[in-house]
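structure.pdb follows; it contains PDB, C-alpha atoms.
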```
ATOM      1  CA  MET A 130      12.453  27.523  53.870
ATOM      2  CA  ASN A 131      10.143  30.062  52.241
ATOM      3  CA  PHE A 132      11.324  33.609  51.676
ATOM      4  CA  VAL A 133       9.183  36.718  51.624
ATOM      5  CA  TYR A 134      10.513  39.641  49.658
ATOM      6  CA  PRO A 135       9.624  43.258  50.431
ATOM      7  CA  ILE A 136       7.227  45.161  48.221
ATOM      8  CA  THR A 137       9.352  47.892  46.655
ATOM      9  CA  ASN A 138       6.971  49.140  43.983
ATOM     10  CA  ARG A 139       5.119  52.201  45.332
ATOM     11  CA  GLU A 140       2.319  51.840  42.795
ATOM     12  CA  LEU A 141       1.706  48.278  43.946
ATOM     13  CA  ILE A 142       1.518  49.482  47.563
ATOM     14  CA  LYS A 143      -1.043  52.127  46.540
ATOM     15  CA  ASP A 144      -3.059  49.516  44.630
ATOM     16  CA  ILE A 145      -3.054  47.193  47.643
ATOM     17  CA  CYS A 146      -4.214  50.057  49.899
ATOM     18  CA  ILE A 147      -7.060  50.918  47.535
ATOM     19  CA  TYR A 148      -8.109  47.272  47.392
ATOM     20  CA  LEU A 149      -7.965  46.885  51.184
ATOM     21  CA  SER A 150      -9.891  50.148  51.697
ATOM     22  CA  LYS A 151     -12.772  48.660  49.765
ATOM     23  CA  LYS A 152     -12.599  45.292  51.520
ATOM     24  CA  ASN A 153     -11.590  45.871  55.138
ATOM     25  CA  GLU A 154     -10.277  49.071  56.755
ATOM     26  CA  ARG A 155      -8.702  47.106  59.623
ATOM     27  CA  ASN A 156      -6.559  45.100  57.224
ATOM     28  CA  LYS A 157      -5.532  48.266  55.386
ATOM     29  CA  ILE A 158      -4.389  49.845  58.646
ATOM     30  CA  MET A 159      -2.409  46.742  59.586
ATOM     31  CA  PHE A 160      -0.859  46.588  56.103
ATOM     32  CA  MET A 161       0.193  50.236  56.215
ATOM     33  CA  TYR A 162       1.480  49.849  59.776
ATOM     34  CA  GLY A 163       3.656  46.974  58.592
ATOM     35  CA  ILE A 164       4.863  48.896  55.533
ATOM     36  CA  TYR A 165       5.835  51.960  57.567
ATOM     37  CA  THR A 166       7.419  50.119  60.494
ATOM     38  CA  GLY A 167       8.798  46.963  58.866
ATOM     39  CA  ARG A 168       7.195  44.822  61.573
ATOM     40  CA  ARG A 169       5.991  41.280  61.142
ATOM     41  CA  ILE A 170       2.269  40.598  61.150
ATOM     42  CA  SER A 171       2.689  38.390  64.222
ATOM     43  CA  ASP A 172       3.959  41.453  66.141
ATOM     44  CA  ILE A 173       1.318  43.787  64.690
ATOM     45  CA  LEU A 174      -1.575  41.503  65.637
ATOM     46  CA  LYS A 175      -0.605  41.763  69.316
ATOM     47  CA  VAL A 176      -1.228  45.535  69.399
ATOM     48  CA  LYS A 177      -4.499  46.406  71.144
ATOM     49  CA  ILE A 178      -6.554  49.587  71.001
ATOM     50  CA  SER A 179      -5.766  50.171  74.671
ATOM     51  CA  ASP A 180      -2.046  50.172  73.758
ATOM     52  CA  ILE A 181      -2.575  53.030  71.327
ATOM     53  CA  LYS A 182      -5.444  55.090  72.701
ATOM     54  CA  ASP A 183      -4.353  58.242  74.569
ATOM     55  CA  ALA A 184      -0.663  57.398  74.127
ATOM     56  CA  ASP A 185       2.053  59.540  72.580
ATOM     57  CA  TYR A 186       4.194  56.520  71.769
ATOM     58  CA  ILE A 187       3.555  52.905  70.877
ATOM     59  CA  PHE A 188       5.999  50.371  72.315
ATOM     60  CA  LEU A 189       6.429  47.210  70.273
ATOM     61  CA  GLU A 190       8.228  44.076  71.248
ATOM     62  CA  GLU A 191       9.593  42.031  68.373
ATOM     63  CA  LYS A 192       9.743  38.281  68.827
ATOM     64  CA  LYS A 193      11.095  36.239  65.952
ATOM     65  CA  ASN A 194      10.878  32.848  67.601
ATOM     66  CA  LYS A 195      10.955  31.208  71.019
ATOM     67  CA  LYS A 196      14.745  30.896  71.055
ATOM     68  CA  GLU A 197      15.173  34.660  70.744
ATOM     69  CA  ASN A 198      12.865  35.602  73.612
ATOM     70  CA  LYS A 199      15.918  36.293  75.770
ATOM     71  CA  ASN A 200      16.995  39.120  73.459
ATOM     72  CA  LYS A 201      13.770  41.057  73.059
ATOM     73  CA  ASN A 202      13.932  43.891  70.582
ATOM     74  CA  LYS A 203      11.731  46.759  71.764
ATOM     75  CA  SER A 204      11.050  49.834  69.737
ATOM     76  CA  ARG A 205       9.260  53.081  70.421
ATOM     77  CA  ILE A 206       7.133  54.591  67.653
ATOM     78  CA  LYS A 207       5.773  58.123  67.880
ATOM     79  CA  LYS A 208       2.061  58.149  67.211
ATOM     80  CA  SER A 209       0.843  60.870  64.883
ATOM     81  CA  ILE A 210      -2.711  61.407  63.772
ATOM     82  CA  ASN A 211      -3.400  63.445  60.663
TER
END
```

What would the structure in this file look like if it were written as structure tokens?
Amino acid sequence: MNFVYPITNRELIKDICIYLSKKNERNKIMFMYGIYTGRRISDILKVKISDIKDADYIFLEEKKNKKENKNKNKSRIKKSIN
């Protein structure tokens, strides 16, 4: 089984954001969303613009694998725009 370790170096996170800003703003937003929320990319990719637009909160449903669908983990994230 492969393991993925969290990025703990803040400078590395900044460098990745700068790189992604130059390449693809969408990917930067998804990267930062994952960093700030700790969500998996498979959960982040399911979020649609219609889920976010004109909403005060974003509701995410975490699904690790098919066996865990019975115990869905939902979270509510307050949307803030700076």

Would you pick out the contacts of Ile136 (chain A) at 12 Å or less, using only C-alpha atoms, so that residues sharing its chain but fewer than 6 positions from it are not included, and give the list as a PDB file with C-alpha atoms, keeping the file's coordinate frame?
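What follows is the written file result-v2.pdb:
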```pdb
ATOM      1  CA  ILE A 142       1.518  49.482  47.563  1.00  0.00           C
ATOM      2  CA  LYS A 143      -1.043  52.127  46.540  1.00  0.00           C
ATOM      3  CA  ASP A 144      -3.059  49.516  44.630  1.00  0.00           C
ATOM      4  CA  ILE A 145      -3.054  47.193  47.643  1.00  0.00           C
ATOM      5  CA  PHE A 160      -0.859  46.588  56.103  1.00  0.00           C
ATOM      6  CA  MET A 161       0.193  50.236  56.215  1.00  0.00           C
ATOM      7  CA  GLY A 163       3.656  46.974  58.592  1.00  0.00           C
ATOM      8  CA  ILE A 164       4.863  48.896  55.533  1.00  0.00           C
ATOM      9  CA  TYR A 165       5.835  51.960  57.567  1.00  0.00           C
ATOM     10  CA  GLY A 167       8.798  46.963  58.866  1.00  0.00           C
TER      11      GLY A 167
END
```

Apply the PyMOL selection byres ((chain A and resi 159) around 12) to the file shown and report the selected residues as a PDB file with C-alpha atoms, keeping the file's coordinate frame.
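What landed in part.pdb:
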```pdb
ATOM      1  CA  ILE A 145      -3.054  47.193  47.643  1.00  0.00           C
ATOM      2  CA  CYS A 146      -4.214  50.057  49.899  1.00  0.00           C
ATOM      3  CA  LEU A 149      -7.965  46.885  51.184  1.00  0.00           C
ATOM      4  CA  SER A 150      -9.891  50.148  51.697  1.00  0.00           C
ATOM      5  CA  ASN A 153     -11.590  45.871  55.138  1.00  0.00           C
ATOM      6  CA  GLU A 154     -10.277  49.071  56.755  1.00  0.00           C
ATOM      7  CA  ARG A 155      -8.702  47.106  59.623  1.00  0.00           C
ATOM      8  CA  ASN A 156      -6.559  45.100  57.224  1.00  0.00           C
ATOM      9  CA  LYS A 157      -5.532  48.266  55.386  1.00  0.00           C
ATOM     10  CA  ILE A 158      -4.389  49.845  58.646  1.00  0.00           C
ATOM     11  CA  PHE A 160      -0.859  46.588  56.103  1.00  0.00           C
ATOM     12  CA  MET A 161       0.193  50.236  56.215  1.00  0.00           C
ATOM     13  CA  TYR A 162       1.480  49.849  59.776  1.00  0.00           C
ATOM     14  CA  GLY A 163       3.656  46.974  58.592  1.00  0.00           C
ATOM     15  CA  ILE A 164       4.863  48.896  55.533  1.00  0.00           C
ATOM     16  CA  TYR A 165       5.835  51.960  57.567  1.00  0.00           C
ATOM     17  CA  THR A 166       7.419  50.119  60.494  1.00  0.00           C
ATOM     18  CA  GLY A 167       8.798  46.963  58.866  1.00  0.00           C
ATOM     19  CA  ARG A 168       7.195  44.822  61.573  1.00  0.00           C
ATOM     20  CA  ARG A 169       5.991  41.280  61.142  1.00  0.00           C
ATOM     21  CA  ILE A 170       2.269  40.598  61.150  1.00  0.00           C
ATOM     22  CA  SER A 171       2.689  38.390  64.222  1.00  0.00           C
ATOM     23  CA  ASP A 172       3.959  41.453  66.141  1.00  0.00           C
ATOM     24  CA  ILE A 173       1.318  43.787  64.690  1.00  0.00           C
ATOM     25  CA  LEU A 174      -1.575  41.503  65.637  1.00  0.00           C
ATOM     26  CA  LYS A 175      -0.605  41.763  69.316  1.00  0.00           C
ATOM     27  CA  VAL A 176      -1.228  45.535  69.399  1.00  0.00           C
ATOM     28  CA  LYS A 177      -4.499  46.406  71.144  1.00  0.00           C
TER      29      LYS A 177
END
```

Quiz prompt | Atom pair CA of Val133 (chain A) / CA of Glu191 (chain A): separation (Å) | solution = 17.6 Å

Exercise. Quick one: pull the distance between CA of Lys152 (chain A) and CA of Ile178 (chain A), Å, one decimal.
Key: 20.8 Å

Self-check item: Distance in Å - CA of Pro135 (chain A) versus CA of Glu190 (chain A)
Solution: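 We find that CA of Pro135 (chain A) and CA of Glu190 (chain A) lie 20.9 Å from each other.
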
How would region 178-193 of chain A look written as a compact mmCIF listing (two decimals), in the first residue's frame with all heavy atoms?
```
# COMPACT_ATOMS: atom_id res chain seq x y z
N ILE A 178 -19.61 24.46 -9.07
CA ILE A 178 -19.81 25.90 -8.87
C ILE A 178 -21.18 26.15 -8.28
O ILE A 178 -21.34 26.99 -7.38
CB ILE A 178 -19.62 26.67 -10.19
CG1 ILE A 178 -18.15 26.61 -10.61
CG2 ILE A 178 -20.06 28.12 -10.04
CD1 ILE A 178 -17.87 27.19 -11.96
N SER A 179 -22.18 25.43 -8.72
CA SER A 179 -23.54 25.62 -8.21
C SER A 179 -23.64 25.26 -6.72
O SER A 179 -24.51 25.76 -6.02
CB SER A 179 -24.54 24.79 -9.01
OG SER A 179 -24.22 23.41 -8.93
N ASP A 180 -22.72 24.43 -6.22
CA ASP A 180 -22.70 24.09 -4.79
C ASP A 180 -22.19 25.25 -3.95
O ASP A 180 -22.51 25.36 -2.77
CB ASP A 180 -21.81 22.88 -4.53
CG ASP A 180 -22.31 21.62 -5.20
OD1 ASP A 180 -23.52 21.54 -5.49
OD2 ASP A 180 -21.49 20.72 -5.45
N ILE A 181 -21.39 26.10 -4.56
CA ILE A 181 -20.71 27.16 -3.83
C ILE A 181 -21.35 28.53 -4.05
O ILE A 181 -21.45 29.33 -3.13
CB ILE A 181 -19.22 27.21 -4.25
CG1 ILE A 181 -18.54 25.89 -3.90
CG2 ILE A 181 -18.51 28.37 -3.60
CD1 ILE A 181 -17.16 25.74 -4.46
N LYS A 182 -21.79 28.78 -5.26
CA LYS A 182 -22.31 30.09 -5.62
C LYS A 182 -23.53 30.44 -4.77
O LYS A 182 -24.43 29.64 -4.59
CB LYS A 182 -22.70 30.10 -7.11
CG LYS A 182 -23.02 31.46 -7.63
CD LYS A 182 -23.26 31.40 -9.12
CE LYS A 182 -23.56 32.79 -9.64
NZ LYS A 182 -23.79 32.77 -11.07
N ASP A 183 -23.54 31.65 -4.24
CA ASP A 183 -24.64 32.18 -3.43
C ASP A 183 -24.94 31.34 -2.19
O ASP A 183 -26.07 31.31 -1.73
CB ASP A 183 -25.91 32.33 -4.27
CG ASP A 183 -25.71 33.26 -5.46
OD1 ASP A 183 -24.94 34.23 -5.32
OD2 ASP A 183 -26.32 33.01 -6.50
N ALA A 184 -23.95 30.67 -1.65
CA ALA A 184 -24.15 29.86 -0.45
C ALA A 184 -23.27 30.40 0.67
O ALA A 184 -22.16 30.87 0.43
CB ALA A 184 -23.79 28.41 -0.73
N ASP A 185 -23.78 30.35 1.89
CA ASP A 185 -22.98 30.76 3.04
C ASP A 185 -22.08 29.63 3.52
O ASP A 185 -21.03 29.86 4.10
CB ASP A 185 -23.89 31.19 4.19
CG ASP A 185 -24.64 32.47 3.86
OD1 ASP A 185 -24.11 33.29 3.10
OD2 ASP A 185 -25.76 32.64 4.39
N TYR A 186 -22.53 28.40 3.30
CA TYR A 186 -21.78 27.23 3.72
C TYR A 186 -21.66 26.24 2.58
O TYR A 186 -22.52 26.16 1.72
CB TYR A 186 -22.47 26.52 4.90
CG TYR A 186 -22.45 27.33 6.16
CD1 TYR A 186 -23.47 28.21 6.48
CD2 TYR A 186 -21.38 27.20 7.05
CE1 TYR A 186 -23.44 28.95 7.65
CE2 TYR A 186 -21.34 27.94 8.22
CZ TYR A 186 -22.38 28.81 8.52
OH TYR A 186 -22.34 29.54 9.66
N ILE A 187 -20.57 25.48 2.61
CA ILE A 187 -20.36 24.40 1.65
C ILE A 187 -20.47 23.10 2.43
O ILE A 187 -19.82 22.93 3.47
CB ILE A 187 -18.97 24.50 1.00
CG1 ILE A 187 -18.80 25.85 0.31
CG2 ILE A 187 -18.74 23.36 0.03
CD1 ILE A 187 -17.37 26.16 -0.06
N PHE A 188 -21.30 22.19 1.98
CA PHE A 188 -21.45 20.90 2.63
C PHE A 188 -20.70 19.86 1.82
O PHE A 188 -20.93 19.70 0.62
CB PHE A 188 -22.93 20.51 2.74
CG PHE A 188 -23.69 21.41 3.67
CD1 PHE A 188 -24.36 22.52 3.20
CD2 PHE A 188 -23.72 21.13 5.03
CE1 PHE A 188 -25.05 23.36 4.07
CE2 PHE A 188 -24.42 21.95 5.90
CZ PHE A 188 -25.07 23.07 5.42
N LEU A 189 -19.78 19.17 2.48
CA LEU A 189 -18.98 18.15 1.81
C LEU A 189 -19.27 16.79 2.41
O LEU A 189 -19.45 16.66 3.62
CB LEU A 189 -17.49 18.43 1.97
CG LEU A 189 -16.95 19.61 1.20
CD1 LEU A 189 -15.48 19.78 1.49
CD2 LEU A 189 -17.17 19.42 -0.27
N GLU A 190 -19.30 15.82 1.55
CA GLU A 190 -19.52 14.45 1.99
C GLU A 190 -18.25 13.66 1.68
O GLU A 190 -17.82 13.57 0.54
CB GLU A 190 -20.70 13.87 1.21
CG GLU A 190 -21.25 12.61 1.76
CD GLU A 190 -22.52 12.22 1.04
OE1 GLU A 190 -23.41 13.06 0.88
OE2 GLU A 190 -22.59 11.06 0.63
N GLU A 191 -17.65 13.12 2.72
CA GLU A 191 -16.41 12.38 2.56
C GLU A 191 -16.71 10.91 2.35
O GLU A 191 -17.45 10.30 3.12
CB GLU A 191 -15.53 12.56 3.79
CG GLU A 191 -14.22 11.86 3.69
CD GLU A 191 -13.37 12.07 4.92
OE1 GLU A 191 -13.69 12.94 5.73
OE2 GLU A 191 -12.40 11.32 5.07
N LYS A 192 -16.15 10.35 1.31
CA LYS A 192 -16.31 8.93 1.03
C LYS A 192 -14.93 8.33 0.80
O LYS A 192 -14.27 8.65 -0.17
CB LYS A 192 -17.17 8.72 -0.22
CG LYS A 192 -18.58 9.21 -0.06
CD LYS A 192 -19.38 8.93 -1.31
CE LYS A 192 -20.78 9.45 -1.18
NZ LYS A 192 -21.58 9.21 -2.36
N LYS A 193 -14.53 7.46 1.71
CA LYS A 193 -13.20 6.87 1.59
C LYS A 193 -13.20 5.70 0.62
O LYS A 193 -12.32 5.57 -0.21
CB LYS A 193 -12.68 6.44 2.95
CG LYS A 193 -12.41 7.61 3.85
CD LYS A 193 -11.88 7.15 5.16
CE LYS A 193 -11.68 8.35 6.07
NZ LYS A 193 -11.24 7.94 7.39
```
